[in-house]
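Q: So I've got this file, work_10.cif, and it contains mmCIF, C-alpha atoms:
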data_final
#
loop_
_atom_site.label_atom_id
_atom_site.label_comp_id
_atom_site.auth_asym_id
_atom_site.auth_seq_id
_atom_site.Cartn_x
_atom_site.Cartn_y
_atom_site.Cartn_z
CA MET A 1 75.67 57.15 136.81
CA VAL A 2 78.48 57.13 134.28
CA SER A 3 78.27 54.04 132.10
CA ARG A 4 81.09 51.53 131.80
CA LYS A 5 81.23 52.37 128.09
CA TRP A 6 82.28 55.96 128.80
CA ILE A 7 84.75 54.89 131.49
CA GLY A 8 86.37 52.47 129.07
CA ALA A 9 86.58 55.11 126.35
CA ALA A 10 88.23 57.58 128.75
CA ALA A 11 90.75 54.96 129.89
CA ALA A 12 91.59 54.10 126.28
CA ALA A 13 92.11 57.78 125.44
CA LEU A 14 94.46 58.25 128.39
CA THR A 15 96.40 55.11 127.44
CA LEU A 16 96.75 56.36 123.86
CA LEU A 17 97.98 59.74 125.08
CA ALA A 18 100.57 58.08 127.32
CA LEU A 19 101.78 55.85 124.48
CA GLN A 20 102.10 58.84 122.13
CA SER A 21 104.07 60.74 124.75
CA ALA A 22 106.36 57.77 125.38
CA GLY A 23 106.83 57.24 121.64
CA SER A 24 107.92 60.82 121.16
CA GLY A 25 110.49 60.43 123.94
CA GLN A 26 108.68 63.02 126.06
CA GLY A 27 106.74 61.72 129.06
CA LEU A 28 104.21 63.63 131.08
CA LEU A 29 106.84 64.68 133.62
CA GLY A 30 109.07 65.90 130.83
CA GLN A 31 106.24 67.95 129.39
CA MET A 32 105.51 69.44 132.79
CA GLN A 33 109.11 70.44 133.43
CA ASP A 34 109.36 72.05 129.99
CA GLU A 35 106.17 73.97 130.70
CA VAL A 36 107.50 75.21 134.06
CA ALA A 37 110.83 76.15 132.49
CA GLY A 38 109.02 78.13 129.81
CA ILE A 39 107.01 80.05 132.42
CA VAL A 40 110.16 80.81 134.40
CA ASN A 41 112.15 81.98 131.37
CA ARG A 42 109.37 84.34 130.33
CA ALA A 43 108.99 85.77 133.84
CA ARG A 44 112.62 86.15 134.93
CA PRO A 45 113.33 89.44 133.06
CA SER A 46 110.46 91.05 135.00
CA ILE A 47 111.74 90.06 138.45
CA VAL A 48 114.34 92.17 140.23
CA SER A 49 116.43 92.30 143.35
CA ILE A 50 116.21 95.42 145.54
CA GLU A 51 119.06 96.75 147.66
CA ASP A 52 119.86 99.96 149.49
CA GLU A 53 122.81 101.57 147.68
CA ARG A 54 125.91 101.73 149.82
CA ALA A 55 127.15 105.21 150.58
CA PRO A 56 130.91 105.96 150.45
CA GLY A 57 132.51 104.91 153.70
CA ASP A 58 129.61 102.68 154.65
CA ASP A 59 130.80 99.76 156.79
CA ARG A 60 128.25 97.33 155.40
CA GLY A 61 129.78 94.44 153.59
CA ARG A 62 133.25 94.78 155.14
CA ARG A 63 134.84 94.50 158.56
CA ALA A 64 133.66 96.97 161.13
CA GLU A 65 136.00 99.78 162.05
CA GLY A 66 138.67 98.52 164.42
CA ALA A 67 137.54 94.89 164.43
CA HIS A 68 141.13 93.62 164.16
CA ARG A 69 143.15 96.82 164.46
CA PRO A 70 146.76 95.94 165.36
CA ALA A 71 147.85 97.23 168.75
CA GLU A 72 151.05 99.21 169.07
CA SER A 73 153.67 97.81 171.46
CA GLY A 74 151.28 95.06 172.45
CA LYS A 75 148.81 97.59 173.86
CA PRO A 76 145.18 97.63 172.79
CA ASP A 77 143.90 100.70 171.01
CA ALA A 78 141.64 102.12 173.71
CA GLU A 79 140.03 104.53 171.25
CA HIS A 80 138.57 101.64 169.26
CA ARG A 81 137.80 99.26 172.10
CA PRO A 82 134.13 98.42 172.65
CA GLN A 83 132.45 99.92 175.67
CA GLY A 84 131.00 97.67 178.35
CA ASP A 85 130.55 93.96 177.96
CA ALA A 86 130.61 93.78 174.16
CA ARG A 87 132.54 90.57 173.52
CA ARG A 88 131.23 90.24 169.98
CA ARG A 89 132.53 92.66 167.37
CA PRO A 90 130.32 92.95 164.31
CA ALA A 91 132.44 91.76 161.39
CA PHE A 92 130.08 92.77 158.59
CA GLU A 93 126.48 93.56 157.91
CA PRO A 94 125.15 92.73 154.48
CA PRO A 95 122.85 95.26 152.89
CA ARG A 96 119.14 94.72 153.20
CA VAL A 97 118.08 92.89 150.07
CA GLY A 98 114.71 91.66 148.88
CA SER A 99 112.81 90.87 145.72
CA GLY A 100 110.31 92.67 143.53
CA PHE A 101 108.56 92.49 140.18
CA SER A 102 107.70 94.93 137.42
CA ILE A 103 104.11 95.95 136.71
CA GLY A 104 105.08 98.24 133.82
CA ASP A 105 105.61 102.00 133.30
CA GLY A 106 108.72 101.89 135.49
CA PHE A 107 106.93 100.68 138.64
CA ILE A 108 108.23 97.85 140.83
CA VAL A 109 106.12 96.09 143.46
CA THR A 110 107.74 94.68 146.58
CA SER A 111 106.98 94.32 150.28
CA ALA A 112 107.12 97.23 152.70
CA ASP A 113 109.54 95.20 154.83
CA VAL A 114 112.13 95.29 152.05
CA ILE A 115 112.19 99.03 151.35
CA SER A 116 111.39 100.28 154.84
CA GLY A 117 114.24 102.53 155.94
CA MET A 118 116.04 102.44 152.59
CA LYS A 119 117.67 105.77 151.72
CA SER A 120 118.72 105.02 148.14
CA PRO A 121 116.87 101.99 146.71
CA MET A 122 118.68 100.27 143.87
CA VAL A 123 116.94 97.84 141.52
CA MET A 124 119.08 95.06 140.03
CA THR A 125 117.87 93.21 136.95
CA GLU A 126 118.75 89.77 135.70
CA ASP A 127 120.87 91.18 132.88
CA GLY A 128 123.11 93.04 135.34
CA ARG A 129 121.66 96.55 135.22
CA ARG A 130 121.57 98.59 138.43
CA ILE A 131 118.82 101.19 138.30
CA ARG A 132 118.14 103.87 140.87
CA ALA A 133 114.61 104.07 142.19
CA THR A 134 112.48 106.19 144.48
CA VAL A 135 109.72 105.09 146.82
CA SER A 136 106.38 105.87 145.22
CA GLY A 137 104.40 104.70 148.24
CA VAL A 138 104.27 102.24 151.12
CA ASP A 139 101.37 100.58 152.89
CA GLN A 140 102.84 99.35 156.16
CA GLU A 141 99.51 97.93 157.24
CA MET A 142 99.27 95.46 154.35
CA ASN A 143 103.08 95.21 153.85
CA ILE A 144 103.08 96.49 150.26
CA GLY A 145 105.55 98.90 148.68
CA VAL A 146 105.90 100.41 145.21
CA LEU A 147 109.11 101.82 143.68
CA LYS A 148 109.45 104.10 140.66
CA LEU A 149 112.52 103.69 138.46
CA ALA A 150 114.52 106.89 138.07
CA SER A 151 115.59 105.87 134.55
CA ARG A 152 113.42 105.66 131.45
CA THR A 153 114.70 102.16 130.86
CA SER A 154 111.95 99.60 130.64
CA ILE A 155 111.52 96.31 132.46
CA PRO A 156 108.92 93.89 131.07
CA ALA A 157 105.76 93.75 133.16
CA LEU A 158 104.24 90.63 134.66
CA LYS A 159 100.53 90.05 134.13
CA LEU A 160 98.47 90.29 137.30
CA GLY A 161 96.15 87.31 137.61
CA GLN A 162 93.23 86.56 139.93
CA SER A 163 93.86 84.99 143.31
CA ARG A 164 90.19 84.23 143.95
CA HIS A 165 90.58 81.27 141.58
CA VAL A 166 93.48 79.81 143.59
CA TYR A 167 92.79 76.68 145.65
CA PRO A 168 94.85 74.30 147.81
CA GLY A 169 96.71 71.85 145.60
CA HIS A 170 97.40 74.35 142.80
CA PHE A 171 100.97 74.89 141.66
CA ALA A 172 102.69 78.10 142.74
CA ILE A 173 105.97 79.09 141.09
CA SER A 174 108.13 81.39 143.20
CA ILE A 175 110.96 83.39 141.61
CA GLY A 176 113.07 85.71 143.75
CA ASN A 177 116.33 86.55 145.47
CA GLN A 178 117.17 83.61 147.73
CA TYR A 179 120.26 84.09 149.92
CA GLY A 180 121.54 86.72 147.50
CA HIS A 181 121.07 84.54 144.41
CA LEU A 182 119.00 86.56 141.98
CA ASN A 183 115.95 84.91 140.42
CA SER A 184 116.11 81.58 142.19
CA VAL A 185 113.14 79.36 141.35
CA ALA A 186 111.00 77.20 143.63
CA LEU A 187 108.09 75.06 142.46
CA THR A 188 105.66 74.86 145.37
CA LEU A 189 102.06 73.98 146.07
CA VAL A 190 99.27 76.10 147.49
CA ALA A 191 98.84 74.57 150.94
CA GLY A 192 95.95 76.66 152.20
CA ILE A 193 93.93 79.85 151.89
CA ARG A 194 93.18 82.30 154.72
CA ASP A 195 90.70 85.08 154.01
CA ASP A 196 89.38 86.07 157.44
CA GLY A 197 91.98 88.69 158.37
CA ILE A 198 95.39 87.87 159.86
CA PRO A 199 97.23 90.27 162.19
CA ALA A 200 101.02 89.84 162.03
CA GLY A 201 103.00 92.30 164.12
CA GLU A 202 102.63 95.76 162.61
CA HIS A 203 101.00 94.28 159.52
CA PHE A 204 97.46 93.13 158.89
CA TYR A 205 96.64 90.90 155.94
CA PRO A 206 93.02 90.59 154.74
CA GLY A 207 94.03 87.17 153.42
CA LEU A 208 97.05 84.98 152.86
CA ILE A 209 98.01 82.16 150.53
CA GLN A 210 100.05 79.49 152.28
CA ILE A 211 102.58 77.81 150.04
CA ALA A 212 104.18 74.47 150.86
CA GLY A 213 107.82 74.50 149.89
CA THR A 214 111.13 76.03 150.90
CA VAL A 215 111.05 79.81 151.05
CA GLY A 216 114.54 81.29 151.26
CA VAL A 217 115.74 84.50 152.83
CA GLY A 218 115.43 87.41 150.41
CA THR A 219 112.25 86.26 148.70
CA SER A 220 110.15 88.86 150.50
CA GLY A 221 108.47 90.80 147.70
CA ALA A 222 108.87 87.99 145.17
CA PRO A 223 105.85 87.04 143.07
CA ILE A 224 104.23 83.64 142.97
CA LEU A 225 102.89 82.62 139.58
CA ASN A 226 100.22 80.22 138.45
CA VAL A 227 100.56 77.73 135.59
CA ARG A 228 99.81 80.50 133.07
CA GLY A 229 102.60 82.71 134.39
CA ASP A 230 100.22 85.23 135.96
CA VAL A 231 100.97 86.78 139.35
CA ILE A 232 98.63 85.39 142.00
CA GLY A 233 100.42 86.73 145.08
CA MET A 234 103.54 88.26 146.62
CA ILE A 235 105.62 86.52 149.25
CA ALA A 236 105.67 88.25 152.61
CA GLY A 237 108.89 86.75 153.90
CA ILE A 238 112.25 87.59 155.41
CA PRO A 239 114.51 90.14 153.69
CA PHE A 240 118.14 89.14 153.16
CA GLY A 241 119.89 90.82 156.09
CA ASP A 242 117.42 89.69 158.74
CA TRP A 243 119.52 86.68 159.63
CA THR A 244 120.28 85.44 163.11
CA SER A 245 123.66 84.68 164.65
CA SER A 246 124.72 81.65 166.64
CA PRO A 247 127.93 81.11 168.60
CA PHE A 248 130.41 78.56 167.37
CA PHE A 249 129.77 75.24 169.10
CA GLY A 250 131.56 75.15 172.42
CA ALA A 251 132.20 78.88 172.63
CA PRO A 252 132.15 80.03 176.28
CA ARG A 253 129.35 82.09 177.73
CA SER A 254 129.52 84.77 180.35
CA ASN A 255 128.79 83.75 183.93
CA GLY A 256 125.43 85.45 183.59
CA GLY A 257 124.30 82.78 181.14
CA PRO A 258 123.41 83.21 177.51
CA ARG A 259 123.15 86.82 176.50
CA SER A 260 120.68 88.08 173.96
CA PRO A 261 122.07 90.15 171.08
CA ALA A 262 120.30 93.21 172.47
CA ALA A 263 121.88 92.69 175.89
CA ALA A 264 125.32 92.50 174.31
CA GLY A 265 124.86 95.80 172.55
CA ALA A 266 124.18 94.07 169.26
CA PRO A 267 121.31 94.52 166.83
CA PRO A 268 117.92 93.17 167.95
CA PRO A 269 116.89 89.59 167.19
CA GLY A 270 116.33 88.97 163.52
CA VAL A 271 119.18 91.27 162.47
CA ILE A 272 122.54 89.88 161.48
CA ASN A 273 125.18 89.95 164.19
CA ALA A 274 128.11 88.03 162.80
CA GLY A 275 131.42 88.65 164.47
CA VAL A 276 134.27 87.23 166.50
CA LEU A 277 134.81 86.97 170.19
CA GLU A 278 137.55 89.26 171.41
CA THR A 279 140.96 87.73 171.93
CA PRO A 280 142.01 87.96 175.59
CA GLN A 281 144.54 90.71 176.27
CA THR A 282 147.66 89.92 178.27
CA GLY A 283 150.26 92.08 179.89
CA ASP A 284 149.92 95.84 180.24
CA THR A 285 146.38 96.97 179.49
CA GLY A 286 147.35 100.61 179.44
CA GLY A 287 144.61 101.39 181.96
CA ALA A 288 141.84 100.09 179.70
CA LYS A 289 139.14 97.95 181.29
CA PRO A 290 139.34 94.33 180.30
CA ALA A 291 136.59 93.37 177.86
CA ASN A 292 135.71 90.30 179.92
CA PRO A 293 135.86 91.07 183.65
CA SER A 294 134.06 87.82 184.53
CA GLY A 295 137.25 85.84 184.12
CA THR A 296 135.78 83.57 181.45
CA GLN A 297 138.32 82.96 178.73
CA PRO A 298 136.99 84.44 175.49
CA ASP A 299 137.34 82.44 172.35
CA PRO A 300 138.41 83.93 168.99
CA ARG A 301 136.25 81.50 167.07
CA VAL A 302 133.80 83.07 164.66
CA PHE A 303 130.08 83.38 165.20
CA PHE A 304 128.29 81.89 162.22
CA LEU A 305 125.16 82.97 160.41
CA ARG A 306 122.00 80.93 160.59
CA PRO A 307 119.54 81.90 157.85
CA PRO A 308 115.92 81.73 158.93
CA VAL A 309 114.41 79.25 156.49
CA THR A 310 110.91 77.88 156.63
CA SER A 311 109.36 74.97 154.80
CA ALA A 312 106.14 76.94 154.38
CA GLY A 313 105.66 80.57 153.42
CA PHE A 314 102.83 83.01 153.00
CA ALA A 315 101.90 85.27 150.12
CA VAL A 316 99.58 88.27 149.93
CA PRO A 317 96.82 87.50 147.38
CA ILE A 318 97.04 89.72 144.31
CA ASP A 319 93.32 90.54 144.43
CA ASP A 320 93.87 92.22 147.82
CA MET A 321 96.93 94.03 146.46
CA LYS A 322 95.48 95.51 143.28
CA PRO A 323 93.63 98.50 144.77
CA VAL A 324 96.58 99.28 147.05
CA ILE A 325 99.04 99.14 144.15
CA ALA A 326 96.82 101.47 142.10
CA GLY A 327 96.88 104.04 144.90
CA LEU A 328 100.60 103.72 145.63
CA ARG A 329 101.44 104.26 141.96
CA GLN A 330 99.91 107.69 142.37
CA GLY A 331 101.66 108.23 145.69
CA ARG A 332 98.37 108.10 147.58
CA LEU A 333 97.16 105.44 149.98
CA VAL A 334 93.43 105.09 150.58
CA HIS A 335 91.67 102.71 152.95
CA CYS A 336 87.99 102.55 153.90
CA TRP A 337 86.35 103.43 157.18
CA LEU A 338 83.07 102.38 158.76
CA GLY A 339 83.44 104.51 161.87
CA VAL A 340 83.07 102.08 164.77
CA ASP A 341 85.11 100.54 167.55
CA MET A 342 84.27 96.98 168.48
CA LYS A 343 84.95 94.39 171.12
CA GLU A 344 84.85 90.61 171.04
CA GLU A 345 83.07 88.46 173.58
CA ARG A 346 83.24 84.70 174.11
CA LYS A 347 80.62 82.56 175.76
CA ARG A 348 81.10 78.91 176.68
CA GLU A 349 78.28 76.57 175.72
CA GLU A 350 78.08 72.84 176.47
CA SER A 351 75.52 70.34 175.23
CA ASP A 352 75.64 66.51 175.21
CA GLY A 353 79.30 66.57 176.21
CA ILE A 354 80.28 68.89 173.33
CA VAL A 355 81.87 72.18 174.33
CA ARG A 356 81.56 75.17 172.02
CA TRP A 357 82.69 78.74 172.29
CA LYS A 358 80.25 81.25 170.86
CA ARG A 359 82.00 84.40 169.69
CA THR A 360 80.25 87.69 169.13
CA VAL A 361 81.44 91.10 167.94
CA GLN A 362 79.74 94.04 169.57
CA VAL A 363 79.86 97.73 168.61
CA SER A 364 81.41 99.68 171.50
CA THR A 365 81.68 103.12 169.85
CA VAL A 366 80.03 104.82 166.89
CA TYR A 367 81.91 107.87 165.65
CA PRO A 368 79.86 110.93 164.73
CA ASN A 369 79.63 111.94 161.06
CA SER A 370 80.78 108.45 160.04
CA PRO A 371 79.29 105.92 157.60
CA ALA A 372 78.16 103.88 160.61
CA SER A 373 76.25 106.75 162.22
CA ALA A 374 74.67 107.63 158.86
CA ALA A 375 73.50 104.00 158.47
CA GLY A 376 71.90 104.00 161.93
CA ILE A 377 74.34 101.63 163.66
CA GLN A 378 74.20 102.03 167.44
CA THR A 379 76.42 101.25 170.39
CA GLY A 380 75.63 97.76 171.69
CA ASP A 381 74.68 96.33 168.30
CA ILE A 382 75.99 92.83 167.65
CA MET A 383 77.41 92.23 164.17
CA ASN A 384 76.20 88.89 162.89
CA SER A 385 77.35 89.09 159.28
CA VAL A 386 79.15 91.38 156.85
CA ASN A 387 78.48 91.13 153.11
CA GLY A 388 76.89 87.72 153.69
CA ARG A 389 79.75 86.27 155.80
CA THR A 390 79.20 85.28 159.43
CA VAL A 391 81.20 87.47 161.80
CA ALA A 392 82.94 85.79 164.74
CA ARG A 393 86.00 88.04 165.03
CA MET A 394 86.79 91.70 164.44
CA THR A 395 89.46 90.71 161.94
CA LEU A 396 86.78 89.80 159.42
CA ILE A 397 85.36 93.34 159.54
CA ARG A 398 88.81 94.86 159.14
CA ALA A 399 89.60 92.53 156.24
CA ALA A 400 86.38 93.53 154.48
CA LEU A 401 87.25 97.22 154.90
CA LEU A 402 90.74 96.75 153.47
CA ARG A 403 89.27 95.02 150.42
CA ALA A 404 86.72 97.77 149.78
CA GLN A 405 86.93 101.17 148.10
CA PRO A 406 85.43 104.46 149.28
CA GLY A 407 81.82 104.63 148.10
CA ASP A 408 81.28 100.86 148.27
CA ALA A 409 78.31 99.57 150.24
CA MET A 410 78.89 97.31 153.24
CA ASP A 411 75.86 95.16 154.03
CA LEU A 412 75.58 94.31 157.71
CA ARG A 413 73.17 92.07 159.60
CA LEU A 414 72.87 93.27 163.18
CA GLU A 415 71.24 92.11 166.37
CA ARG A 416 69.80 94.85 168.55
CA LYS A 417 68.11 93.97 171.83
CA GLY A 418 67.22 90.51 170.55
CA SER A 419 65.87 91.69 167.20
CA ALA A 420 67.58 91.25 163.84
CA LEU A 421 67.92 94.09 161.34
CA ASN A 422 69.79 94.72 158.12
CA VAL A 423 71.67 97.94 157.35
CA SER A 424 73.80 99.10 154.45
CA ALA A 425 76.62 101.57 155.10
CA ARG A 426 78.25 103.60 152.33
CA LEU A 427 81.96 103.45 153.18
CA ALA A 428 84.15 106.53 153.28
CA GLU A 429 87.88 107.17 153.13
CA ARG A 430 89.58 106.45 156.44
CA PRO A 431 90.64 109.68 158.18
CA ASP A 432 94.21 110.06 159.33
CA GLN A 433 94.83 108.47 162.71
CA PRO A 434 97.87 108.48 164.97
CA ALA A 435 99.99 105.43 164.20
CA GLU A 436 99.96 104.28 167.83
CA THR A 437 96.17 104.04 168.05
CA THR A 438 93.78 101.50 166.60
CA ALA A 439 90.70 103.70 167.01
CA GLY A 440 88.97 104.40 163.72
CA LYS A 441 90.46 101.47 161.79
CA HIS A 442 87.01 99.95 161.50
#
What does this structure look like when you write it as structure tokens?
A:
Amino acid sequence: MVSRKWIGAAAAALTLLALQSAGSGQGLLGQMQDEVAGIVNRARPSIVSIEDERAPGDDRGRRAEGAHRPAESGKPDAEHRPQGDARRRPAFEPPRVGSGFSIGDGFIVTSADVISGMKSPMVMTEDGRRIRATVSGVDQEMNIGVLKLASRTSIPALKLGQSRHVYPGHFAISIGNQYGHLNSVALTLVAGIRDDGIPAGEHFYPGLIQIAGTVGVGTSGAPILNVRGDVIGMIAGIPFGDWTSSPFFGAPRSNGGPRSPAAAGAPPPGVINAGVLETPQTGDTGGAKPANPSGTQPDPRVFFLRPPVTSAGFAVPIDDMKPVIAGLRQGRLVHCWLGVDMKEERKREESDGIVRWKRTVQVSTVYPNSPASAAGIQTGDIMNSVNGRTVARMTLIRAALLRAQPGDAMDLRLERKGSALNVSARLAERPDQPAETTAGKH
């Protein structure tokens, strides 16, 4: 037990520290804000915005062709009229913009979502430089991308920290492109840690850091820093350009009810679709079909943009990113392979009024000439643990494989026909698989 003497001494020391801080005109909050400002100022030159360069004649960022083309003699220009029931004319589409950070030697790390589909990536620095870049490599599975600057100009590198030392309650400083504002800062908290494998659409994250705080559009690819200014993760968010559109309040709808953007011939949900409703045509239509045959009076009021903002975001831990970044810098992506297919089973158990679901992962296929077959794993084996962690879902196996390197040993505890056994498989490089299949990912 700590004695009262030591407790009193500690309280006196804290009181003295507070009095010294107050006497110097700098309280604890003032010291903290100065410390955060110092971290931000040192990091900002290393953080960039990424945009696809606009080609000559590209309609992005200005009105679409024919959106408000004047009609001659009061007749609509049939050549530029929309086909079908397209009451909304796209007025503009901002370029796809995200964030990134320098790791030195001309390499920029960002998310795969940001640079996917970019033809001419352009890196914009805080001091106003616009630098051409090429895609060095992309890992769509883990949502990581690496760019290589085309110029010899240098951008200061951020130091990569260690995410395994990050816990809920720690500070996380986010710096990135929010709503088109380069290097916007957000001081957030680490809200939670997930390390059991998280599928998210076409992506799969071995782990995620949840941050509590506003994450703006365009911060996808932005780093989160710890209190030493080291990178502990990268935000996997929404690129600027993946906004949604909403009709002006009171705007009429077609008699078929609300139409989805896809049904109206617009981009799919999540892509900007800002525009105006067509003005009703009167008089001679010159043989052109009316844009609104339902009889509902269209309204020229503008559709407005609604940015998807969340009060909590997620970041890919830097420890999971490091081996992927190392491979993408060399233009080569390597993931590990055990050589099995698996299936999950759930069994309901009830005892003393408490209901539990027991989950098991069973090997359904063992591929020949694979690490699994070499280790003696058989079809029907139940995986109880991997590298000391209890297995209840297949995602844990996949997460462990994504964190490993070819040649690493994977220690498995199996159950075979009621008997327990331990095996160690020497992992190999995952062979190429068709993108539409999941076979061979484990």
Q: Using all atoms listed in the file for the distances, tell me which of A:Val361, A:Ile173, A:Val109, A:Leu189 is nearest to Ala37 in chain A.
A: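 Between A:Val361, A:Ile173, A:Val109, A:Leu189, the residue approaching Ala37 in chain A most closely is A:Ile173.
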Q: What is the distance between CA of Met383 in chain A and CA of Val363 in chain A, in Å to one decimal?
A: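 Spanning CA of Met383 in chain A to CA of Val363 in chain A is a straight-line distance of 7.5 Å.
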Q: Mind running range 315-336 of chain A against range 208-229 of chain A at 7 Å and telling me each contacting residue's nearest atom pair with the distance in Å (one decimal), counting all atoms listed in the file, chain and number ascending, as CSV?
A:
residue,atom,partner,partner_atom,distance
A:Ala315,CA,A:Ile209,CA,5.0
A:Val316,CA,A:Leu208,CA,5.1
A:Pro317,CA,A:Leu208,CA,6.0
Q: Please compute the CA of Met32 in chain A-CA of Gly313 in chain A distance, one decimal, in Å.
A: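 Separation of CA of Met32 in chain A and CA of Gly313 in chain A: 23.4 Å.
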Q: Tell me which residues the PyMOL selection byres ((chain A and resi 161) around 12) grabs here, as a ChimeraX atom specification.
A: /A:103,158-160,162-166,223-234,317-322
Q: Report the residues retrieved by the PyMOL selection byres ((chain A and resi 413-418) around 6) from the displayed file, expressed as a ChimeraX atom specification.
A: /A:381-385,412,419-422
Q: Between CA of Gly30 in chain A and CA of Ala186 in chain A, what is the distance, to one decimal in Å?
A: 17.2 Å
Q: Could you pull the residues within 8 Å of range 367-369 of chain A, counting only C-alpha atoms, minus those fewer than 5 positions along the same chain, as a CSV table (one decimal) with C-alpha atoms, in the frame of the given file?
A:
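Now in around31.csv:
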chain,number,residue,atom,x,y,z
A,339,GLY,CA,83.4,104.5,161.9
A,340,VAL,CA,83.1,102.1,164.8
A,374,ALA,CA,74.7,107.6,158.9
Q: Just checking: using all atoms listed in the file, which residue out of A:Arg403, A:Gln378, A:Ser351, A:Ser184 ends up closest to Asn41 in chain A?
A: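 Under the stated criterion, the closest residue is A:Ser184.
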Q: Please evaluate the PyMOL selection byres ((chain A and resi 394) around 10) against the displayed coordinates and give the resulting residues as a VMD selection string.
A: chain A and resid 196 to 197 341 to 344 360 to 362 383 391 to 393 395 to 399 442
Q: Please produce a file of the residues just selected, as an mmCIF file, keeping the file's coordinate frame, where the atoms kept are C-alpha atoms.
A:
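Written out: again_26.cif:
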data_model
loop_
_atom_site.group_PDB
_atom_site.id
_atom_site.type_symbol
_atom_site.label_atom_id
_atom_site.label_comp_id
_atom_site.auth_asym_id
_atom_site.auth_seq_id
_atom_site.Cartn_x
_atom_site.Cartn_y
_atom_site.Cartn_z
ATOM 1 C CA ASP A 196 89.380 86.070 157.440
ATOM 2 C CA GLY A 197 91.980 88.690 158.370
ATOM 3 C CA ASP A 341 85.110 100.540 167.550
ATOM 4 C CA MET A 342 84.270 96.980 168.480
ATOM 5 C CA LYS A 343 84.950 94.390 171.120
ATOM 6 C CA GLU A 344 84.850 90.610 171.040
ATOM 7 C CA THR A 360 80.250 87.690 169.130
ATOM 8 C CA VAL A 361 81.440 91.100 167.940
ATOM 9 C CA GLN A 362 79.740 94.040 169.570
ATOM 10 C CA MET A 383 77.410 92.230 164.170
ATOM 11 C CA VAL A 391 81.200 87.470 161.800
ATOM 12 C CA ALA A 392 82.940 85.790 164.740
ATOM 13 C CA ARG A 393 86.000 88.040 165.030
ATOM 14 C CA THR A 395 89.460 90.710 161.940
ATOM 15 C CA LEU A 396 86.780 89.800 159.420
ATOM 16 C CA ILE A 397 85.360 93.340 159.540
ATOM 17 C CA ARG A 398 88.810 94.860 159.140
ATOM 18 C CA ALA A 399 89.600 92.530 156.240
ATOM 19 C CA HIS A 442 87.010 99.950 161.500
#
Q: Name all residues at most 10 Å from range 130-142 of chain A (count all atoms listed in the file; drop same-chain ones fewer than 5 positions away) and give them as a VMD selection string.
A: chain A and resid 48 to 53 106 to 113 115 to 116 118 to 125 147 to 153 199 to 207 236 316 320 to 321 324 to 325 327 to 335 402
Q: Taking the structure in the block just given, could you write range 220-228 of chain A with N, CA, C and O atoms, as an mmCIF file, in the first residue's frame?
A:
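Ended up saving to decode-v8.cif:
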data_model
loop_
_atom_site.group_PDB
_atom_site.id
_atom_site.type_symbol
_atom_site.label_atom_id
_atom_site.label_comp_id
_atom_site.auth_asym_id
_atom_site.auth_seq_id
_atom_site.Cartn_x
_atom_site.Cartn_y
_atom_site.Cartn_z
ATOM 1 N N SER A 220 -9.046 10.931 -46.764
ATOM 2 C CA SER A 220 -8.596 9.584 -47.076
ATOM 3 C C SER A 220 -7.142 9.641 -47.522
ATOM 4 O O SER A 220 -6.778 10.398 -48.418
ATOM 5 N N GLY A 221 -6.294 8.849 -46.885
ATOM 6 C CA GLY A 221 -4.861 8.870 -47.161
ATOM 7 C C GLY A 221 -4.076 9.766 -46.237
ATOM 8 O O GLY A 221 -2.837 9.783 -46.293
ATOM 9 N N ALA A 222 -4.762 10.518 -45.379
ATOM 10 C CA ALA A 222 -4.063 11.420 -44.455
ATOM 11 C C ALA A 222 -3.470 10.624 -43.300
ATOM 12 O O ALA A 222 -4.046 9.635 -42.852
ATOM 13 N N PRO A 223 -2.325 11.051 -42.781
ATOM 14 C CA PRO A 223 -1.750 10.351 -41.631
ATOM 15 C C PRO A 223 -2.404 10.792 -40.333
ATOM 16 O O PRO A 223 -2.946 11.885 -40.233
ATOM 17 N N ILE A 224 -2.353 9.918 -39.339
ATOM 18 C CA ILE A 224 -2.639 10.328 -37.968
ATOM 19 C C ILE A 224 -1.342 10.175 -37.185
ATOM 20 O O ILE A 224 -0.601 9.208 -37.360
ATOM 21 N N LEU A 225 -1.066 11.168 -36.354
ATOM 22 C CA LEU A 225 0.207 11.247 -35.649
ATOM 23 C C LEU A 225 -0.007 11.085 -34.154
ATOM 24 O O LEU A 225 -1.063 11.439 -33.624
ATOM 25 N N ASN A 226 1.017 10.582 -33.482
ATOM 26 C CA ASN A 226 0.963 10.519 -32.032
ATOM 27 C C ASN A 226 1.562 11.795 -31.440
ATOM 28 O O ASN A 226 1.890 12.748 -32.171
ATOM 29 N N VAL A 227 1.731 11.833 -30.141
ATOM 30 C CA VAL A 227 2.195 13.058 -29.485
ATOM 31 C C VAL A 227 3.684 13.331 -29.739
ATOM 32 O O VAL A 227 4.187 14.383 -29.348
ATOM 33 N N ARG A 228 4.369 12.428 -30.391
ATOM 34 C CA ARG A 228 5.758 12.669 -30.796
ATOM 35 C C ARG A 228 5.869 13.070 -32.254
ATOM 36 O O ARG A 228 6.977 13.285 -32.761
#
